[in-house]
>>> print(open('run_0.txt').read())   # compact mmCIF, C-alpha atoms and all ligand atoms
# COMPACT_ATOMS: atom_id res chain seq x y z
CA MET A 512 -13.48 9.06 -18.88
CA ASP A 513 -9.81 8.35 -18.27
CA ARG A 514 -9.53 8.24 -14.51
CA ARG A 515 -5.97 9.51 -14.56
CA LYS A 516 -7.09 12.75 -16.16
CA PHE A 517 -10.17 12.94 -14.04
CA ILE A 518 -8.51 12.63 -10.64
CA GLY A 519 -5.18 14.20 -11.55
CA LEU A 520 -2.86 15.70 -9.01
CA THR A 521 -4.27 19.18 -9.27
CA GLY A 522 -5.48 20.62 -6.02
CA MET A 523 -2.97 18.63 -3.99
CA THR A 524 -1.18 20.82 -1.50
CA LEU A 525 2.46 19.86 -1.50
CA VAL A 526 4.47 20.34 1.65
CA GLY A 527 7.93 19.33 0.56
CA THR A 528 8.90 15.74 0.10
CA ALA A 529 8.73 12.99 2.66
CA ALA A 530 11.31 13.51 5.35
CA VAL A 531 10.02 10.87 7.70
CA ALA A 532 12.38 7.98 8.36
CA GLY A 533 11.19 4.71 6.93
CA PHE A 534 8.79 6.17 4.41
CA PRO A 535 9.61 5.60 0.77
CA ASN A 536 8.89 8.79 -1.09
CA ILE A 537 5.92 7.65 -3.18
CA VAL A 538 3.72 10.67 -2.95
CA PRO A 539 4.94 14.00 -1.67
CA GLY A 540 3.64 14.81 1.79
CA GLN A 541 0.10 16.09 1.67
CA ALA A 542 -1.66 18.51 3.94
CA MET A 543 -5.28 19.47 4.35
CA PRO A 544 -7.22 18.78 2.34
CA PHE A 545 -5.76 15.30 2.02
CA THR A 546 -6.38 14.13 -1.53
CA LEU A 547 -6.84 10.93 -3.47
CA PRO A 548 -3.75 10.55 -5.71
CA ALA A 549 -4.26 9.44 -9.30
CA LEU A 550 -4.05 5.74 -10.01
CA PRO A 551 -0.76 5.08 -11.83
CA TYR A 552 -2.69 3.20 -14.59
CA ALA A 553 -6.18 2.91 -16.06
CA ASP A 554 -8.80 1.13 -13.94
CA ASN A 555 -8.89 -1.88 -16.30
CA ALA A 556 -5.09 -2.15 -16.68
CA LEU A 557 -4.62 -4.88 -14.03
CA SER A 558 -7.31 -7.13 -15.51
CA PRO A 559 -7.74 -10.09 -15.42
CA VAL A 560 -5.78 -10.36 -12.15
CA ILE A 561 -7.72 -7.46 -10.64
CA SER A 562 -10.84 -6.35 -12.50
CA ALA A 563 -11.94 -2.79 -13.22
CA ASN A 564 -14.97 -3.58 -11.08
CA THR A 565 -12.77 -4.30 -8.05
CA ILE A 566 -10.69 -1.17 -8.71
CA GLY A 567 -13.87 0.86 -9.01
CA PHE A 568 -14.95 -0.07 -5.49
CA HIS A 569 -11.50 -0.41 -3.93
CA TYR A 570 -10.01 2.84 -5.24
CA GLY A 571 -13.16 4.80 -5.98
CA LYS A 572 -15.05 3.97 -2.78
CA HIS A 573 -12.77 2.51 -0.07
CA HIS A 574 -9.59 4.52 -0.71
CA LYS A 575 -11.59 7.68 -1.40
CA GLY A 576 -13.61 7.02 1.75
CA TYR A 577 -10.48 7.07 3.92
CA VAL A 578 -9.50 10.41 2.36
CA ASP A 579 -12.92 11.96 2.94
CA THR A 580 -13.10 10.65 6.51
CA LEU A 581 -9.60 11.84 7.42
CA ASN A 582 -10.38 15.33 6.18
CA LYS A 583 -13.40 15.45 8.49
CA LEU A 584 -11.49 14.00 11.47
CA VAL A 585 -8.51 16.37 11.35
CA LYS A 586 -10.44 19.59 10.87
CA ASP A 587 -9.36 22.10 13.52
CA THR A 588 -6.80 19.69 15.02
CA GLN A 589 -2.98 19.75 15.13
CA PHE A 590 -3.01 17.20 12.28
CA GLU A 591 -4.85 19.44 9.82
CA LYS A 592 -1.76 20.82 8.08
CA MET A 593 0.66 17.95 8.60
CA PRO A 594 2.08 15.82 5.81
CA LEU A 595 0.29 12.47 5.70
CA GLU A 596 3.41 10.60 6.84
CA ASP A 597 3.63 12.75 9.97
CA VAL A 598 -0.01 12.13 10.81
CA VAL A 599 0.58 8.37 10.53
CA MET A 600 3.67 8.38 12.75
CA LYS A 601 2.32 10.81 15.36
CA THR A 602 -0.94 8.90 15.85
CA ALA A 603 0.48 5.36 15.60
CA LYS A 604 0.74 4.68 19.33
CA SER A 605 -2.20 6.78 20.47
CA GLU A 606 -5.42 5.19 21.66
CA LYS A 607 -7.09 8.61 21.58
CA ASP A 608 -6.17 9.22 17.94
CA LYS A 609 -6.74 5.65 16.77
CA THR A 610 -9.44 6.60 14.25
CA ILE A 611 -7.23 9.29 12.73
CA PHE A 612 -4.37 6.78 12.52
CA ASN A 613 -6.57 4.15 10.88
CA ASN A 614 -7.75 6.50 8.15
CA ALA A 615 -4.38 8.21 7.57
CA ALA A 616 -2.51 4.91 7.46
CA GLN A 617 -5.08 3.38 5.13
CA ILE A 618 -4.61 6.31 2.72
CA TRP A 619 -0.85 5.80 2.85
CA ASN A 620 -1.11 2.01 2.51
CA HIS A 621 -3.36 2.27 -0.53
CA ASN A 622 -1.15 4.89 -2.20
CA PHE A 623 1.68 2.42 -1.71
CA TYR A 624 -0.35 -0.61 -2.82
CA TRP A 625 -1.37 0.89 -6.19
CA ASN A 626 2.29 1.66 -6.87
CA SER A 627 3.34 -1.85 -5.79
CA MET A 628 1.64 -3.19 -8.92
CA ASN A 629 2.21 -2.60 -12.60
CA PRO A 630 0.24 -3.96 -15.59
CA LYS A 631 3.60 -5.17 -16.97
CA GLY A 632 4.82 -6.33 -13.57
CA GLY A 633 5.60 -9.74 -12.16
CA GLY A 634 8.63 -11.69 -13.29
CA LYS A 635 11.82 -11.19 -11.32
CA PRO A 636 13.76 -8.27 -9.90
CA THR A 637 17.28 -7.53 -11.09
CA GLY A 638 20.46 -5.97 -9.72
CA LYS A 639 20.93 -5.15 -6.05
CA LEU A 640 17.36 -6.11 -5.12
CA ALA A 641 17.71 -9.55 -6.74
CA GLN A 642 21.01 -10.08 -4.91
CA SER A 643 19.50 -8.98 -1.59
CA ILE A 644 16.60 -11.41 -2.04
CA GLU A 645 18.97 -14.29 -2.73
CA ARG A 646 21.12 -13.34 0.26
CA ASP A 647 18.21 -13.01 2.72
CA PHE A 648 15.80 -15.71 1.49
CA GLY A 649 18.12 -18.21 -0.22
CA SER A 650 16.43 -18.01 -3.62
CA PHE A 651 13.75 -16.10 -5.48
CA ASP A 652 11.42 -19.10 -5.32
CA ALA A 653 11.87 -19.38 -1.54
CA PHE A 654 11.16 -15.67 -1.26
CA LYS A 655 7.99 -15.94 -3.35
CA LYS A 656 6.70 -18.82 -1.25
CA GLN A 657 7.37 -16.95 2.01
CA LEU A 658 5.71 -13.78 0.69
CA ALA A 659 2.63 -15.74 -0.38
CA ASP A 660 2.43 -17.84 2.80
CA THR A 661 2.87 -14.89 5.16
CA THR A 662 0.42 -12.67 3.28
CA VAL A 663 -2.26 -15.32 2.89
CA SER A 664 -2.01 -16.24 6.59
CA GLN A 665 -2.78 -12.73 7.87
CA PHE A 666 -5.79 -13.40 10.09
CA GLY A 667 -8.63 -11.11 9.05
CA THR A 668 -7.94 -7.74 7.44
CA GLY A 669 -4.44 -6.50 6.82
CA TRP A 670 -1.40 -6.36 4.59
CA GLY A 671 1.63 -8.42 3.51
CA TRP A 672 4.89 -6.54 3.00
CA LEU A 673 8.42 -6.90 1.69
CA ALA A 674 10.43 -4.57 3.91
CA ALA A 675 14.04 -3.64 4.66
CA ASP A 676 15.67 -2.78 7.97
CA LYS A 677 18.16 0.06 8.40
CA LYS A 678 21.03 -2.14 7.22
CA GLY A 679 19.14 -3.21 4.08
CA LYS A 680 18.32 -6.70 5.34
CA LEU A 681 15.03 -7.81 3.79
CA SER A 682 12.14 -9.45 5.58
CA ILE A 683 8.50 -10.29 4.97
CA VAL A 684 6.00 -9.06 7.52
CA LYS A 685 2.26 -8.95 7.85
CA THR A 686 0.28 -6.23 9.60
CA GLY A 687 -3.30 -6.19 10.83
CA ASP A 688 -5.97 -3.64 9.88
CA ALA A 689 -4.22 -0.34 8.99
CA GLU A 690 -0.89 -1.06 10.71
CA VAL A 691 2.32 -0.08 8.90
CA PRO A 692 5.87 -1.51 9.02
CA MET A 693 7.37 1.95 9.63
CA THR A 694 6.34 1.85 13.28
CA GLN A 695 8.57 -1.25 13.65
CA GLY A 696 11.53 0.62 12.13
CA LEU A 697 11.12 -1.13 8.79
CA LYS A 698 11.02 0.50 5.36
CA PRO A 699 8.39 -1.01 3.05
CA LEU A 700 9.40 -2.01 -0.47
CA LEU A 701 6.14 -3.62 -1.69
CA THR A 702 2.74 -4.43 -0.26
CA ILE A 703 -0.25 -6.68 -0.98
CA ASP A 704 -3.67 -5.75 0.42
CA VAL A 705 -5.57 -8.70 1.88
CA TRP A 706 -8.63 -6.89 3.14
CA GLU A 707 -11.52 -8.76 1.53
CA HIS A 708 -12.48 -5.66 -0.48
CA ALA A 709 -9.21 -6.14 -2.40
CA TYR A 710 -10.18 -9.49 -3.89
CA TYR A 711 -13.66 -10.69 -2.98
CA LEU A 712 -15.45 -9.56 -6.15
CA ASP A 713 -12.91 -11.43 -8.30
CA TYR A 714 -11.84 -14.37 -6.10
CA GLN A 715 -14.43 -14.68 -3.31
CA ASN A 716 -12.82 -16.78 -0.55
CA LYS A 717 -9.77 -17.81 -2.63
CA ARG A 718 -7.34 -15.35 -1.08
CA ALA A 719 -4.31 -17.47 -2.04
CA ASP A 720 -5.26 -17.35 -5.74
CA TYR A 721 -5.40 -13.55 -5.60
CA VAL A 722 -2.10 -13.25 -3.71
CA ASN A 723 -0.25 -15.63 -6.03
CA ALA A 724 -1.60 -13.93 -9.15
CA VAL A 725 -0.47 -10.53 -7.87
CA ILE A 726 2.99 -11.91 -7.07
CA ASP A 727 3.36 -13.69 -10.42
CA LYS A 728 1.85 -11.07 -12.73
CA LEU A 729 1.71 -7.62 -11.14
CA LEU A 730 4.45 -6.91 -8.60
CA ASN A 731 6.30 -3.73 -9.55
CA TRP A 732 9.95 -4.61 -9.09
CA GLU A 733 11.16 -1.22 -10.30
CA PHE A 734 9.17 0.43 -7.52
CA ALA A 735 10.62 -2.00 -4.95
CA ALA A 736 14.17 -1.38 -6.18
CA LYS A 737 13.68 2.38 -5.95
CA ASN A 738 12.39 2.02 -2.39
CA LEU A 739 15.37 -0.14 -1.40
CA GLY A 740 17.61 2.63 -2.74
MN MN A 801 -7.81 -1.94 0.58
>>> encode(input="run_0.txt", output="structure tokens")
Amino acid sequence: MDRRKFIGLTGMTLVGTAAVAGFPNIVPGQAMPFTLPALPYADNALSPVISANTIGFHYGKHHKGYVDTLNKLVKDTQFEKMPLEDVVMKTAKSEKDKTIFNNAAQIWNHNFYWNSMNPKGGGKPTGKLAQSIERDFGSFDAFKKQLADTTVSQFGTGWGWLAADKKGKLSIVKTGDAEVPMTQGLKPLLTIDVWEHAYYLDYQNKRADYVNAVIDKLLNWEFAAKNLG
């Protein structure tokens, strides 16, 4: 069955669009029950860089698991009817709500990750984004190397990001576990997941091969440009 039809967006409760500073508006804010958004492509569309098998576990089990767990955790709490972005920001610094943050942020990160890739992606950005990359990294090749090096060097689980500050200056950051750039005042433009579940079935321990293949063949520059604004 076509997963896009199967999951669909039906049943999602929309609570306006994201109004939280730093959050690109990828998926309108969700409230209880938090839902698994449709993949923006078929589960075999990123092959051979990322196999349908990996997507099956990563999207169908891990991402879905965060959604199911969050719905259980927020039941009868103040977070139950909040847009996902609000749950992430309101729990980000709280030791008490750490588990809620981890699951909410992982839902958000994965929504953003699937959109950061495109079966026809890779290549180079154009326009304002291309100019910003040249200005802030010197060249596209220097940018690519820094993105790969920073992302690959994340110790343990986490994420590599291209992000922009409030003035539009670009930087590459890495975050551990479920952490998000928004809590550092940065707006994400693209992300690469380097939890082992993202690549181990296809690449085993060769994290750099996975990261470089995503950068060269899948990065969704239209999505990044839209996020830069
Ligand atoms: Mn993941």
>>> residues_around(input="run_0.txt", residues="range 678-681 of chain A", least_positions_apart="4", cutoff="12 Å", atoms="all atoms listed in the file", output="ChimeraX atom specification")
/A:533,639-649,654,658,672-674,696-701,735-736,738-740
>>> write_last_selection(input="run_0.txt", atoms="C-alpha atoms", output="PDB file, in the frame of the given file")
ATOM      1  CA  GLY A 533      11.190   4.710   6.930  1.00  0.00           C
ATOM      2  CA  LYS A 639      20.930  -5.150  -6.050  1.00  0.00           C
ATOM      3  CA  LEU A 640      17.360  -6.110  -5.120  1.00  0.00           C
ATOM      4  CA  ALA A 641      17.710  -9.550  -6.740  1.00  0.00           C
ATOM      5  CA  GLN A 642      21.010 -10.080  -4.910  1.00  0.00           C
ATOM      6  CA  SER A 643      19.500  -8.980  -1.590  1.00  0.00           C
ATOM      7  CA  ILE A 644      16.600 -11.410  -2.040  1.00  0.00           C
ATOM      8  CA  GLU A 645      18.970 -14.290  -2.730  1.00  0.00           C
ATOM      9  CA  ARG A 646      21.120 -13.340   0.260  1.00  0.00           C
ATOM     10  CA  ASP A 647      18.210 -13.010   2.720  1.00  0.00           C
ATOM     11  CA  PHE A 648      15.800 -15.710   1.490  1.00  0.00           C
ATOM     12  CA  GLY A 649      18.120 -18.210  -0.220  1.00  0.00           C
ATOM     13  CA  PHE A 654      11.160 -15.670  -1.260  1.00  0.00           C
ATOM     14  CA  LEU A 658       5.710 -13.780   0.690  1.00  0.00           C
ATOM     15  CA  TRP A 672       4.890  -6.540   3.000  1.00  0.00           C
ATOM     16  CA  LEU A 673       8.420  -6.900   1.690  1.00  0.00           C
ATOM     17  CA  ALA A 674      10.430  -4.570   3.910  1.00  0.00           C
ATOM     18  CA  GLY A 696      11.530   0.620  12.130  1.00  0.00           C
ATOM     19  CA  LEU A 697      11.120  -1.130   8.790  1.00  0.00           C
ATOM     20  CA  LYS A 698      11.020   0.500   5.360  1.00  0.00           C
ATOM     21  CA  PRO A 699       8.390  -1.010   3.050  1.00  0.00           C
ATOM     22  CA  LEU A 700       9.400  -2.010  -0.470  1.00  0.00           C
ATOM     23  CA  LEU A 701       6.140  -3.620  -1.690  1.00  0.00           C
ATOM     24  CA  ALA A 735      10.620  -2.000  -4.950  1.00  0.00           C
ATOM     25  CA  ALA A 736      14.170  -1.380  -6.180  1.00  0.00           C
ATOM     26  CA  ASN A 738      12.390   2.020  -2.390  1.00  0.00           C
ATOM     27  CA  LEU A 739      15.370  -0.140  -1.400  1.00  0.00           C
ATOM     28  CA  GLY A 740      17.610   2.630  -2.740  1.00  0.00           C
TER      29      GLY A 740
END
>>> closest_residue(input="run_0.txt", among="A:Thr588, A:Gln715, A:Thr668, A:Ser562", to="ligand MN 801 (chain A)", atoms="all atoms listed in the file")
A:Thr668
>>> closest_residue(input="run_0.txt", among="A:Thr546, A:Asn555, A:Thr580, A:Gln617", to="ligand MN 801 (chain A)", atoms="all atoms listed in the file")
A:Gln617
>>> residues_near_ligand(input="run_0.txt", ligand="ligand MN 801 (chain A)", cutoff="7 Å", atoms="all atoms listed in the file", output="JSON, numbers by chain")
{"A": [569, 573, 574, 621, 704, 706, 708, 709]}
>>> residues_around(input="run_0.txt", residues="range 720-725 of chain A", least_positions_apart="5", cutoff="10 Å", atoms="all atoms listed in the file", output="list in words")
Leu557, Pro559, Val560, Ile561, Ser627, Met628, Asn629, Gly632, Gly633, Lys655, Lys656, Leu658, Ala659, Asp660, Thr662, Val663, Gly671, Ile703, Asp704, Val705, Ala709, Tyr710, Tyr711, Asp713, Tyr714, Gln715, Leu730 and Asn731 of chain A
>>> atom_distance(input="run_0.txt", atom1="CA of Ser558 in chain A", atom2="CA of Phe534 in chain A")
28.9 Å
